[in-house]
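Structure file input-v8.csv with CSV, C-alpha atoms:
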chain,number,residue,atom,x,y,z
A,1,MET,CA,29.7,53.8,39.0
A,2,SER,CA,27.0,51.1,39.2
A,3,ALA,CA,27.4,47.5,37.9
A,4,VAL,CA,25.2,44.5,37.2
A,5,LYS,CA,26.3,40.8,37.3
A,6,ILE,CA,24.8,38.4,34.8
A,7,ILE,CA,23.5,35.2,36.6
A,8,ARG,CA,21.9,33.6,33.5
A,9,PRO,CA,22.3,35.2,30.1
A,10,GLY,CA,19.0,34.2,28.5
A,11,LEU,CA,18.8,32.9,25.0
A,12,LEU,CA,20.6,35.8,23.3
A,13,THR,CA,21.3,39.0,25.2
A,14,THR,CA,23.6,41.6,23.6
A,15,VAL,CA,24.6,45.2,23.9
A,16,GLN,CA,23.0,47.3,21.2
A,17,ASP,CA,22.7,51.0,20.4
A,18,ASP,CA,21.5,52.7,17.2
A,19,GLY,CA,24.2,51.0,15.1
A,20,ARG,CA,27.5,51.4,13.4
A,21,TYR,CA,27.3,53.7,10.4
A,22,ALA,CA,29.7,54.7,7.6
A,23,TYR,CA,31.5,51.4,7.4
A,24,GLN,CA,29.3,49.3,5.1
A,25,ARG,CA,31.7,50.1,2.2
A,26,PHE,CA,34.3,48.1,4.2
A,27,GLY,CA,31.9,45.1,4.6
A,28,VAL,CA,30.9,46.0,8.3
A,29,SER,CA,27.2,45.6,9.1
A,30,ILE,CA,25.4,48.4,10.9
A,31,SER,CA,23.9,46.1,13.6
A,32,GLY,CA,22.1,48.1,16.3
A,33,ALA,CA,18.8,47.5,18.1
A,34,MET,CA,16.3,45.6,16.0
A,35,ASP,CA,13.3,47.5,17.5
A,36,GLN,CA,14.5,51.0,17.8
A,37,PHE,CA,11.1,52.3,18.9
A,38,SER,CA,11.3,50.2,22.1
A,39,SER,CA,15.0,51.0,22.7
A,40,HIS,CA,14.4,54.7,22.3
A,41,VAL,CA,11.5,54.7,24.7
A,42,ALA,CA,13.4,52.7,27.3
A,43,ASN,CA,16.2,55.2,27.1
A,44,PHE,CA,13.8,58.1,27.4
A,45,LEU,CA,12.3,56.7,30.6
A,46,VAL,CA,15.7,56.7,32.4
A,47,GLY,CA,16.8,60.1,31.1
A,48,ASN,CA,19.3,58.8,28.4
A,49,ASP,CA,19.8,60.0,24.9
A,50,PRO,CA,17.7,57.9,22.4
A,51,GLY,CA,20.7,56.1,20.9
A,52,GLU,CA,22.4,55.1,24.2
A,53,ALA,CA,23.4,51.5,24.5
A,54,VAL,CA,20.9,49.0,26.0
A,55,LEU,CA,20.6,45.3,26.5
A,56,GLU,CA,18.6,43.5,23.8
A,57,THR,CA,17.1,40.2,25.0
A,58,THR,CA,15.6,37.6,22.7
A,59,LEU,CA,12.7,35.2,23.4
A,60,MET,CA,14.0,34.3,26.9
A,61,GLY,CA,15.3,37.0,29.2
A,62,PRO,CA,18.4,37.0,31.4
A,63,SER,CA,18.6,37.2,35.2
A,64,MET,CA,21.0,39.7,36.8
A,65,GLU,CA,22.0,41.1,40.1
A,66,MET,CA,22.3,44.8,40.7
A,67,LEU,CA,25.7,45.3,42.4
A,68,GLU,CA,24.8,48.9,43.2
A,69,ASP,CA,21.6,50.9,43.1
A,70,CYS,CA,20.3,51.3,39.5
A,71,VAL,CA,17.5,53.0,37.7
A,72,ILE,CA,16.2,51.0,34.7
A,73,ALA,CA,13.4,50.7,32.2
A,74,LEU,CA,12.0,47.7,30.4
A,75,ALA,CA,10.4,48.0,26.9
A,76,GLY,CA,9.6,45.8,23.9
A,77,ALA,CA,8.6,42.1,24.3
A,78,ASP,CA,6.8,41.2,27.5
A,79,MET,CA,8.8,38.5,29.2
A,80,ALA,CA,7.1,38.7,32.6
A,81,PRO,CA,9.8,40.7,34.5
A,82,GLN,CA,10.3,40.3,38.2
A,83,ILE,CA,12.5,41.9,40.8
A,84,ASN,CA,13.2,39.7,43.8
A,85,SER,CA,10.4,37.4,42.6
A,86,ARG,CA,7.8,40.2,42.5
A,87,ASP,CA,6.1,41.3,39.3
A,88,VAL,CA,7.2,44.7,38.0
A,89,PRO,CA,5.7,46.9,35.3
A,90,MET,CA,7.2,47.5,31.9
A,91,TRP,CA,7.3,50.9,30.1
A,92,GLN,CA,8.1,52.9,33.2
A,93,THR,CA,11.1,54.0,35.3
A,94,LEU,CA,12.1,51.6,38.0
A,95,PHE,CA,14.5,52.1,40.9
A,96,VAL,CA,16.3,48.9,41.7
A,97,PRO,CA,18.2,48.8,45.0
A,98,LYS,CA,21.6,47.2,45.4
A,99,GLY,CA,21.5,43.4,45.8
A,100,SER,CA,18.2,43.1,43.9
A,101,VAL,CA,17.8,40.4,41.2
A,102,LEU,CA,16.0,41.1,37.9
A,103,THR,CA,14.5,38.0,36.2
A,104,PHE,CA,12.2,37.2,33.3
A,105,THR,CA,9.8,34.3,33.9
A,106,ALA,CA,7.9,33.7,30.6
A,107,LEU,CA,7.4,35.1,27.1
A,108,ARG,CA,3.9,36.7,26.9
A,109,SER,CA,4.2,38.6,23.7
A,110,GLY,CA,6.8,39.9,21.2
A,111,ALA,CA,10.3,38.5,20.7
A,112,ARG,CA,12.8,41.2,21.8
A,113,GLY,CA,13.0,43.1,25.0
A,114,TYR,CA,15.1,46.1,25.9
A,115,ILE,CA,16.7,47.0,29.3
A,116,ALA,CA,18.0,50.6,29.6
A,117,PHE,CA,20.2,51.8,32.5
A,118,ALA,CA,20.3,55.4,33.6
A,119,GLY,CA,23.7,56.8,32.5
A,120,GLY,CA,24.2,54.1,29.9
A,121,ILE,CA,26.4,51.0,29.7
A,122,ASP,CA,30.1,51.6,30.2
A,123,LEU,CA,31.7,49.9,27.2
A,124,PRO,CA,34.1,51.4,24.6
A,125,GLU,CA,32.9,52.3,21.2
A,126,VAL,CA,34.2,50.4,18.3
A,127,MET,CA,33.9,52.3,15.0
A,128,GLY,CA,31.6,54.8,16.7
A,129,SER,CA,29.2,52.3,18.2
A,130,ARG,CA,28.8,50.0,21.2
A,131,SER,CA,26.5,47.6,19.2
A,132,THR,CA,27.4,43.9,19.2
A,133,TYR,CA,28.0,42.3,15.8
A,134,VAL,CA,28.4,38.7,16.8
A,135,LYS,CA,29.3,37.3,13.4
A,136,ALA,CA,32.4,39.5,13.3
A,137,ARG,CA,33.0,39.5,17.1
A,138,LEU,CA,32.8,43.3,17.1
A,139,GLY,CA,31.6,45.8,19.7
A,140,GLY,CA,29.6,45.2,22.8
A,141,LEU,CA,31.3,43.0,25.4
A,142,GLU,CA,34.1,41.2,23.5
A,143,GLY,CA,31.9,41.1,20.5
A,144,ARG,CA,29.7,38.3,21.9
A,145,PRO,CA,26.4,37.6,23.6
A,146,LEU,CA,26.5,38.0,27.4
A,147,ARG,CA,27.5,34.9,29.6
A,148,ALA,CA,26.9,33.9,33.2
A,149,GLY,CA,29.3,35.7,35.4
A,150,ASP,CA,29.8,38.8,33.1
A,151,VAL,CA,29.8,42.1,35.0
A,152,LEU,CA,28.7,45.2,33.1
A,153,ARG,CA,29.5,48.7,34.5
A,154,VAL,CA,26.6,51.0,34.0
A,155,ASN,CA,25.8,54.7,34.7
A,156,ARG,CA,29.0,55.7,32.8
A,157,LEU,CA,27.7,59.3,32.7
A,158,GLN,CA,27.6,59.3,36.5
A,159,ARG,CA,23.9,60.3,36.6
A,160,ASN,CA,22.6,61.2,40.1
A,161,LEU,CA,19.9,58.5,40.4
A,162,LYS,CA,17.8,60.6,42.8
A,163,ASP,CA,17.4,63.3,40.2
A,164,ILE,CA,15.9,61.1,37.6
A,165,ARG,CA,12.2,61.7,37.1
A,166,ARG,CA,10.2,58.5,37.5
A,167,ILE,CA,7.5,58.2,34.8
A,168,ARG,CA,5.5,55.7,32.8
A,169,VAL,CA,4.2,55.6,29.3
A,170,ALA,CA,0.5,56.1,28.7
A,171,GLY,CA,-1.3,52.9,27.7
A,172,GLU,CA,-2.4,54.2,24.3
A,173,TYR,CA,1.3,54.4,23.2
A,174,ILE,CA,2.3,50.9,24.3
A,175,PRO,CA,2.5,48.6,21.2
A,176,THR,CA,0.9,45.2,21.0
A,177,TYR,CA,2.4,42.3,19.0
A,178,PRO,CA,-0.3,40.2,17.3
A,179,ALA,CA,0.5,37.0,15.5
A,180,GLU,CA,-0.4,38.6,12.1
A,181,GLN,CA,0.8,42.0,11.0
A,182,VAL,CA,0.5,44.1,7.9
A,183,LEU,CA,3.9,45.5,6.7
A,184,ARG,CA,3.9,48.5,4.4
A,185,VAL,CA,6.4,48.4,1.7
A,186,VAL,CA,7.8,50.5,-1.1
A,187,LEU,CA,8.4,48.5,-4.3
A,188,GLY,CA,11.9,48.1,-5.6
A,189,PRO,CA,14.7,48.5,-6.2
A,190,GLN,CA,14.5,45.5,-8.5
A,191,ASP,CA,10.7,45.1,-8.8
A,192,ASP,CA,11.1,45.2,-12.6
A,193,TYR,CA,12.8,41.7,-12.3
A,194,PHE,CA,9.5,40.2,-11.3
A,195,THR,CA,6.3,39.4,-13.3
A,196,GLN,CA,3.2,41.4,-12.5
A,197,GLU,CA,1.8,38.1,-11.2
A,198,GLY,CA,4.8,37.9,-8.8
A,199,ILE,CA,4.2,41.4,-7.5
A,200,ASP,CA,0.5,40.7,-7.0
A,201,THR,CA,1.5,37.5,-5.1
A,202,LEU,CA,3.6,39.5,-2.7
A,203,LEU,CA,0.8,42.0,-2.1
A,204,SER,CA,-2.1,39.5,-1.8
A,205,GLU,CA,-0.7,36.4,0.0
A,206,THR,CA,0.0,35.8,3.7
A,207,TYR,CA,3.6,34.7,4.5
A,208,THR,CA,4.6,32.8,7.6
A,209,VAL,CA,7.9,33.4,9.6
A,210,SER,CA,10.0,30.3,9.3
A,211,LYS,CA,12.3,28.9,12.0
A,212,GLU,CA,15.2,30.6,10.2
A,213,CYS,CA,14.7,34.1,11.7
A,214,ASP,CA,17.4,36.0,13.5
A,215,ARG,CA,19.1,39.4,13.6
A,216,MET,CA,20.4,38.9,10.1
A,217,GLY,CA,17.0,38.3,8.5
A,218,TYR,CA,13.6,36.6,8.4
A,219,ARG,CA,13.0,33.8,5.9
A,220,LEU,CA,9.3,33.6,5.1
A,221,GLU,CA,7.2,30.7,3.7
A,222,GLY,CA,4.3,31.0,1.4
A,223,LYS,CA,3.4,31.1,-2.3
A,224,ALA,CA,6.4,31.5,-4.5
A,225,ILE,CA,7.0,34.9,-6.1
A,226,ALA,CA,7.7,34.6,-9.8
A,227,HIS,CA,10.7,36.3,-11.5
A,228,ARG,CA,10.7,37.3,-15.1
A,229,GLU,CA,13.9,35.5,-15.7
A,230,SER,CA,16.8,35.0,-13.2
A,231,ALA,CA,16.9,35.9,-9.5
A,232,ASP,CA,20.5,36.9,-9.8
A,233,ILE,CA,21.8,40.5,-10.2
A,234,ILE,CA,25.2,42.1,-9.9
A,235,SER,CA,25.7,42.5,-6.1
A,236,ASP,CA,24.6,45.9,-4.8
A,237,GLY,CA,24.0,47.5,-1.4
A,238,ILE,CA,21.3,46.3,1.0
A,239,MET,CA,19.4,48.4,3.4
A,240,ILE,CA,17.5,47.3,6.4
A,241,GLY,CA,14.0,46.0,5.5
A,242,SER,CA,15.0,44.9,2.0
A,243,ILE,CA,12.9,42.0,0.8
A,244,GLN,CA,15.2,39.7,-1.1
A,245,VAL,CA,13.8,36.9,-3.3
A,246,PRO,CA,16.2,34.1,-4.3
A,247,GLY,CA,15.5,31.6,-7.0
A,248,ASN,CA,13.0,29.5,-4.9
A,249,GLY,CA,10.6,32.5,-4.8
A,250,GLN,CA,10.5,32.6,-1.0
A,251,PRO,CA,11.1,36.2,0.4
A,252,ILE,CA,13.7,37.1,3.0
A,253,ILE,CA,13.4,40.3,5.0
A,254,LEU,CA,16.9,41.5,5.8
A,255,MET,CA,17.4,43.1,9.2
A,256,ALA,CA,20.1,44.7,11.5
A,257,ASP,CA,22.9,42.2,11.0
A,258,ARG,CA,22.3,41.8,7.3
A,259,GLN,CA,25.2,41.5,4.8
A,260,THR,CA,26.3,44.8,3.3
A,261,THR,CA,25.8,43.6,-0.3
A,262,GLY,CA,23.9,40.9,-2.0
A,263,GLY,CA,23.3,39.3,-5.5
A,264,TYR,CA,19.6,38.4,-5.3
A,265,THR,CA,16.7,40.6,-6.5
A,266,LYS,CA,14.9,42.8,-4.0
A,267,ILE,CA,11.3,43.1,-4.8
A,268,ALA,CA,10.4,45.7,-2.1
A,269,THR,CA,11.6,47.4,1.1
A,270,VAL,CA,9.7,47.5,4.5
A,271,ILE,CA,9.2,51.1,5.5
A,272,SER,CA,11.1,52.3,8.6
A,273,ALA,CA,8.0,52.7,10.8
A,274,ASP,CA,7.1,49.0,10.4
A,275,LEU,CA,10.5,47.5,11.1
A,276,PRO,CA,9.7,47.1,14.9
A,277,LYS,CA,6.8,44.8,13.8
A,278,VAL,CA,9.4,42.5,12.1
A,279,ALA,CA,11.7,42.7,15.1
A,280,GLN,CA,9.0,41.5,17.4
A,281,ALA,CA,7.8,38.6,15.3
A,282,LYS,CA,8.5,34.9,16.1
A,283,ALA,CA,8.6,31.7,14.1
A,284,GLY,CA,5.0,30.9,13.1
A,285,ASP,CA,3.8,34.6,13.0
A,286,ARG,CA,2.4,35.9,9.7
A,287,PHE,CA,2.9,38.9,7.5
A,288,ARG,CA,0.9,40.5,4.8
A,289,PHE,CA,2.3,43.2,2.6
A,290,GLU,CA,0.7,46.6,1.6
A,291,LYS,CA,2.2,48.8,-1.1
A,292,VAL,CA,2.8,52.5,-0.4
A,293,SER,CA,4.6,55.2,-2.3
A,294,VAL,CA,7.9,56.8,-1.2
A,295,GLU,CA,6.0,60.0,-0.4
A,296,LYS,CA,3.5,58.1,1.8
A,297,ALA,CA,6.4,56.3,3.6
A,298,GLN,CA,8.0,59.7,4.3
A,299,GLU,CA,4.6,61.0,5.6
A,300,ILE,CA,4.3,57.9,7.9
A,301,LEU,CA,7.9,58.4,9.2
A,302,PHE,CA,7.0,62.0,10.1
A,303,GLU,CA,3.9,60.9,11.9
A,304,GLU,CA,6.0,58.4,13.8
A,305,THR,CA,8.3,61.2,14.9
A,306,GLU,CA,5.4,63.2,16.1
A,307,ARG,CA,4.0,60.2,17.9
A,308,MET,CA,7.2,59.8,19.8
A,309,LYS,CA,7.0,63.4,20.9
A,310,ALA,CA,3.4,62.9,22.0
A,311,LEU,CA,4.4,59.7,23.9
A,312,GLN,CA,7.1,61.6,25.8
A,313,ALA,CA,4.7,64.5,26.5
A,314,SER,CA,2.0,62.2,27.8
A,315,CYS,CA,4.2,60.3,30.3
A,316,VAL,CA,2.8,60.6,33.8
A,317,PRO,CA,4.8,60.5,37.1
A,318,VAL,CA,5.0,57.2,38.9
A,319,ALA,CA,3.7,57.6,42.4
A,320,GLU,CA,6.4,57.1,45.0
A,321,PRO,CA,5.6,54.6,47.7
A,322,PRO,CA,4.7,56.5,50.9
A,323,ALA,CA,7.4,56.8,53.5
A,324,PRO,CA,6.8,54.4,56.4
A,325,GLN,CA,4.9,56.1,59.2
A,326,VAL,CA,6.3,55.6,62.6
A,327,ALA,CA,3.5,55.2,65.1
A,328,PRO,CA,3.8,57.5,68.2
A,329,SER,CA,5.0,55.6,71.3
A,330,PRO,CA,2.2,55.2,73.9
A,331,ALA,CA,2.8,56.7,77.2
A,332,PRO,CA,4.4,54.3,79.6
A,333,GLN,CA,1.8,52.5,81.8
A,334,PRO,CA,2.6,51.8,85.4
A,335,ALA,CA,3.5,48.3,86.0
A,336,PRO,CA,0.9,46.3,87.9
A,337,PRO,CA,1.8,45.5,91.5
A,338,SER,CA,3.9,42.5,91.7
A,339,PRO,CA,3.4,39.8,94.3
A,340,ALA,CA,5.9,40.0,97.1
A,341,ALA,CA,8.9,38.0,96.4
A,342,PRO,CA,9.7,35.2,98.8
A,343,ALA,CA,12.0,36.3,101.6
A,344,GLY,CA,15.6,36.2,100.5
A,345,SER,CA,14.7,35.8,96.7
A,346,PRO,CA,16.7,38.2,94.4
A,347,VAL,CA,14.6,40.5,92.3
A,348,ILE,CA,15.8,42.2,89.1
A,349,ARG,CA,13.7,45.1,87.7
A,350,GLN,CA,14.4,46.4,84.1
A,351,THR,CA,12.7,48.9,81.7
A,352,LEU,CA,12.6,47.6,78.0
A,353,THR,CA,11.3,49.5,74.9
A,354,ILE,CA,10.3,47.3,72.0
A,355,ASN,CA,8.8,48.7,68.8
A,356,GLY,CA,8.1,52.0,70.6
A,357,VAL,CA,6.3,50.4,73.6
A,358,THR,CA,7.9,50.6,77.0
A,359,TYR,CA,7.7,47.6,79.4
A,360,GLN,CA,8.5,47.3,83.0
A,361,VAL,CA,10.0,43.8,83.5
A,362,GLU,CA,10.6,42.2,86.8
A,363,LEU,CA,12.5,39.0,87.2
A,364,ARG,CA,12.5,36.9,90.3
A,365,GLU,CA,13.8,33.5,91.3
A,366,LEU,CA,11.1,31.0,91.7
A,367,PRO,CA,11.0,28.9,94.9
Encoded form (structure tokens):
Amino acid sequence: MSAVKIIRPGLLTTVQDDGRYAYQRFGVSISGAMDQFSSHVANFLVGNDPGEAVLETTLMGPSMEMLEDCVIALAGADMAPQINSRDVPMWQTLFVPKGSVLTFTALRSGARGYIAFAGGIDLPEVMGSRSTYVKARLGGLEGRPLRAGDVLRVNRLQRNLKDIRRIRVAGEYIPTYPAEQVLRVVLGPQDDYFTQEGIDTLLSETYTVSKECDRMGYRLEGKAIAHRESADIISDGIMIGSIQVPGNGQPIILMADRQTTGGYTKIATVISADLPKVAQAKAGDRFRFEKVSVEKAQEILFEETERMKALQASCVPVAEPPAPQVAPSPAPQPAPPSPAAPAGSPVIRQTLTINGVTYQVELRELP
């Protein structure tokens, strides 16, 4: 069993998997990784099942010491990772020896990064998931973000690290995170509560991510979206990606830790394939919305499934560093004749081999 020790926890680092299903009727949120494309790829690179638990980091990554040898992969936001103060690549399998320290030095792009460990994270499931739901102190490690001094056991499946194929993702499949993104949406379920002008506003204006953006949802700022009458409805279920519009007309995209029901109108829903774009956005980033049909959304989801298969098939082996070559030892050379020692002086002769080279050493007492 391997383990890692948290030195600094970063801004918000939690354990997440694919989420906690079948409990929304009891008021329990699904939670799970915000960017499941990245978490799934990270797991694939270390030989795990796609939904295995990973660490999700936010804006500022943690630092951690490997208490035993580990095999890891880093995906999602680029936070300039280093091992023992040396830059390391993302989107590939990494062998990390015991005693090494993984750090993240700066946020270059995106918002959320994922760290997968070969064999998974050894924590108990709560309601069928290891995901952390902080608001309810549920799952993960004691239902909370990681803290300095925490120790996580990893490789719970007892994977033989030497058997793990070390590979990297082809560059064409690595996502980028521009400051402005187009989100494809399906209108509804309450689009009939909005004026046609309000719907046109959503589909034509650019909205900015406010400072109020977290795992629960993203409040956006921009031109107000007009309702026909009231913004209130009888509370109904909320799915990830729902765009809720309260009375002020400013849209909110609801995400992994969203409430299970809500009483505000929902004008549209972000399609599954575009949710990672939301997860990787920061305050100040911008969204535009594009309408698609349910059938088109299903077609895009199928294309994303095929793209993941193509990504996996295109991974190439990571070249192992060559084993150190031991230079052959040169034949011993006869020692040069030594000047005669003064009469009565003690002489000590010794043969020493240093770095494969043999030396004849003669020690004598100076007059």
Would you mind telling me which residue in A:Gly119, A:Pro175, A:Gly99, A:Gly128 lies nearest to Gln158 in chain A when using only C-alpha atoms?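 Answer, going by the shortest atom-to-atom distance: A:Gly119.
In this model, the gap between CA of Thr305 in chain A and CA of Ala273 in chain A comes to 9.4 Å.
Going from CA of Ser38 in chain A to CA of Gly143 in chain A covers 22.6 Å.
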What is the distance, in Å and to one decimal place, between CA of Gln92 in chain A and CA of Leu141 in chain A? 26.4 Å
Smallest atom-to-atom distance to Asp78 in chain A: which of A:Ser63, A:Ser109, A:Ser100, A:Thr201, using all atoms listed in the file?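 Comparing A:Ser63, A:Ser109, A:Ser100, A:Thr201 against Asp78 in chain A, the winner is A:Ser109.
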Counting all atoms listed in the file, figure out which residue out of A:Val41, A:Ile271, A:Leu254, A:Met66 gets nearest to Arg184 in chain A.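 Nearest candidate to Arg184 in chain A out of A:Val41, A:Ile271, A:Leu254, A:Met66: A:Ile271.
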Among listed residues A:Met127, A:Leu146, A:Ala319, A:Ala77, nearest Phe37 in chain A (using only C-alpha atoms):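 Smallest distance to Phe37 in chain A is found for A:Ala77.
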Selected residue, from A:Arg20, A:Lys309, A:Arg219, A:Arg165, that lies nearest to Gly139 in chain A when counting only C-alpha atoms: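 Closest to Gly139 in chain A of all the choices is A:Arg20.
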Counting only C-alpha atoms, what is within 10 Å of Pro317 in chain A, bar same-chain residues fewer than 2 positions away, as a tab-separated table (two decimals) with C-alpha atoms, in the coordinates of the input?
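For reference, selection_33.tsv as written:
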chain	number	residue	atom	x	y	z
A	92	GLN	CA	8.10	52.90	33.20
A	93	THR	CA	11.10	54.00	35.30
A	165	ARG	CA	12.20	61.70	37.10
A	166	ARG	CA	10.20	58.50	37.50
A	167	ILE	CA	7.50	58.20	34.80
A	168	ARG	CA	5.50	55.70	32.80
A	169	VAL	CA	4.20	55.60	29.30
A	314	SER	CA	2.00	62.20	27.80
A	315	CYS	CA	4.20	60.30	30.30
A	319	ALA	CA	3.70	57.60	42.40
A	320	GLU	CA	6.40	57.10	45.00
Among the residues A:Met216, A:Val54, A:Val209, A:Leu152, the one that comes closest to Gln250 in chain A [using all atoms listed in the file]: A:Val209
Need to verify the contact set: Leu59 in chain A, 9 Å, all atoms listed in the file, exclusion of same-chain residues closer than 5 positions in sequence. Can you return it as a PyMOL selection string? chain A and resi 10-12+77+79+106-107+110-113+282
Got a sec to check which residues sit within 9 Å of (13.4, 45.0, -3.7), counting only C-alpha atoms, and write them as a JSON list (two decimals) with C-alpha atoms, in the coordinates of the input?
[["chain", "number", "residue", "atom", "x", "y", "z"],
["A", 186, "VAL", "CA", 7.80, 50.50, -1.10],
["A", 187, "LEU", "CA", 8.40, 48.50, -4.30],
["A", 188, "GLY", "CA", 11.90, 48.10, -5.60],
["A", 189, "PRO", "CA", 14.70, 48.50, -6.20],
["A", 190, "GLN", "CA", 14.50, 45.50, -8.50],
["A", 191, "ASP", "CA", 10.70, 45.10, -8.80],
["A", 242, "SER", "CA", 15.00, 44.90, 2.00],
["A", 243, "ILE", "CA", 12.90, 42.00, 0.80],
["A", 244, "GLN", "CA", 15.20, 39.70, -1.10],
["A", 245, "VAL", "CA", 13.80, 36.90, -3.30],
["A", 265, "THR", "CA", 16.70, 40.60, -6.50],
["A", 266, "LYS", "CA", 14.90, 42.80, -4.00],
["A", 267, "ILE", "CA", 11.30, 43.10, -4.80],
["A", 268, "ALA", "CA", 10.40, 45.70, -2.10],
["A", 269, "THR", "CA", 11.60, 47.40, 1.10]]
Once N, CA and C atoms are restored for range 10-24 of chain A, what would the output be as an mmCIF file, in the frame of the given file?
data_model
loop_
_atom_site.group_PDB
_atom_site.id
_atom_site.type_symbol
_atom_site.label_atom_id
_atom_site.label_comp_id
_atom_site.auth_asym_id
_atom_site.auth_seq_id
_atom_site.Cartn_x
_atom_site.Cartn_y
_atom_site.Cartn_z
ATOM 1 N N GLY A 10 20.136 34.241 29.435
ATOM 2 C CA GLY A 10 19.000 34.200 28.500
ATOM 3 C C GLY A 10 19.424 33.545 27.191
ATOM 4 N N LEU A 11 18.507 33.533 26.243
ATOM 5 C CA LEU A 11 18.800 32.900 25.000
ATOM 6 C C LEU A 11 19.814 33.633 24.139
ATOM 7 N N LEU A 12 19.633 34.934 24.000
ATOM 8 C CA LEU A 12 20.600 35.800 23.300
ATOM 9 C C LEU A 12 20.420 37.201 23.792
ATOM 10 N N THR A 13 21.372 37.621 24.606
ATOM 11 C CA THR A 13 21.300 39.000 25.200
ATOM 12 C C THR A 13 22.615 39.685 24.754
ATOM 13 N N THR A 14 22.447 40.807 24.066
ATOM 14 C CA THR A 14 23.600 41.600 23.600
ATOM 15 C C THR A 14 23.447 43.037 23.872
ATOM 16 N N VAL A 15 24.561 43.747 23.833
ATOM 17 C CA VAL A 15 24.600 45.200 23.900
ATOM 18 C C VAL A 15 24.313 45.788 22.564
ATOM 19 N N GLN A 16 23.350 46.708 22.465
ATOM 20 C CA GLN A 16 23.000 47.300 21.200
ATOM 21 C C GLN A 16 22.719 48.820 21.388
ATOM 22 N N ASP A 17 23.110 49.638 20.418
ATOM 23 C CA ASP A 17 22.700 51.000 20.400
ATOM 24 C C ASP A 17 22.012 51.268 19.019
ATOM 25 N N ASP A 18 22.154 52.448 18.449
ATOM 26 C CA ASP A 18 21.500 52.700 17.200
ATOM 27 C C ASP A 18 22.287 52.165 15.967
ATOM 28 N N GLY A 19 23.490 51.649 16.184
ATOM 29 C CA GLY A 19 24.200 51.000 15.100
ATOM 30 C C GLY A 19 25.483 51.694 14.691
ATOM 31 N N ARG A 20 26.188 51.053 13.791
ATOM 32 C CA ARG A 20 27.500 51.400 13.400
ATOM 33 C C ARG A 20 27.482 51.884 11.906
ATOM 34 N N TYR A 21 27.467 53.194 11.700
ATOM 35 C CA TYR A 21 27.300 53.700 10.400
ATOM 36 C C TYR A 21 28.619 54.135 9.713
ATOM 37 N N ALA A 22 28.599 54.250 8.393
ATOM 38 C CA ALA A 22 29.700 54.700 7.600
ATOM 39 C C ALA A 22 30.793 53.680 7.334
ATOM 40 N N TYR A 23 30.508 52.416 7.639
ATOM 41 C CA TYR A 23 31.500 51.400 7.400
ATOM 42 C C TYR A 23 31.014 50.252 6.518
ATOM 43 N N GLN A 24 29.826 50.396 5.949
ATOM 44 C CA GLN A 24 29.300 49.300 5.100
ATOM 45 C C GLN A 24 30.195 49.152 3.847
#
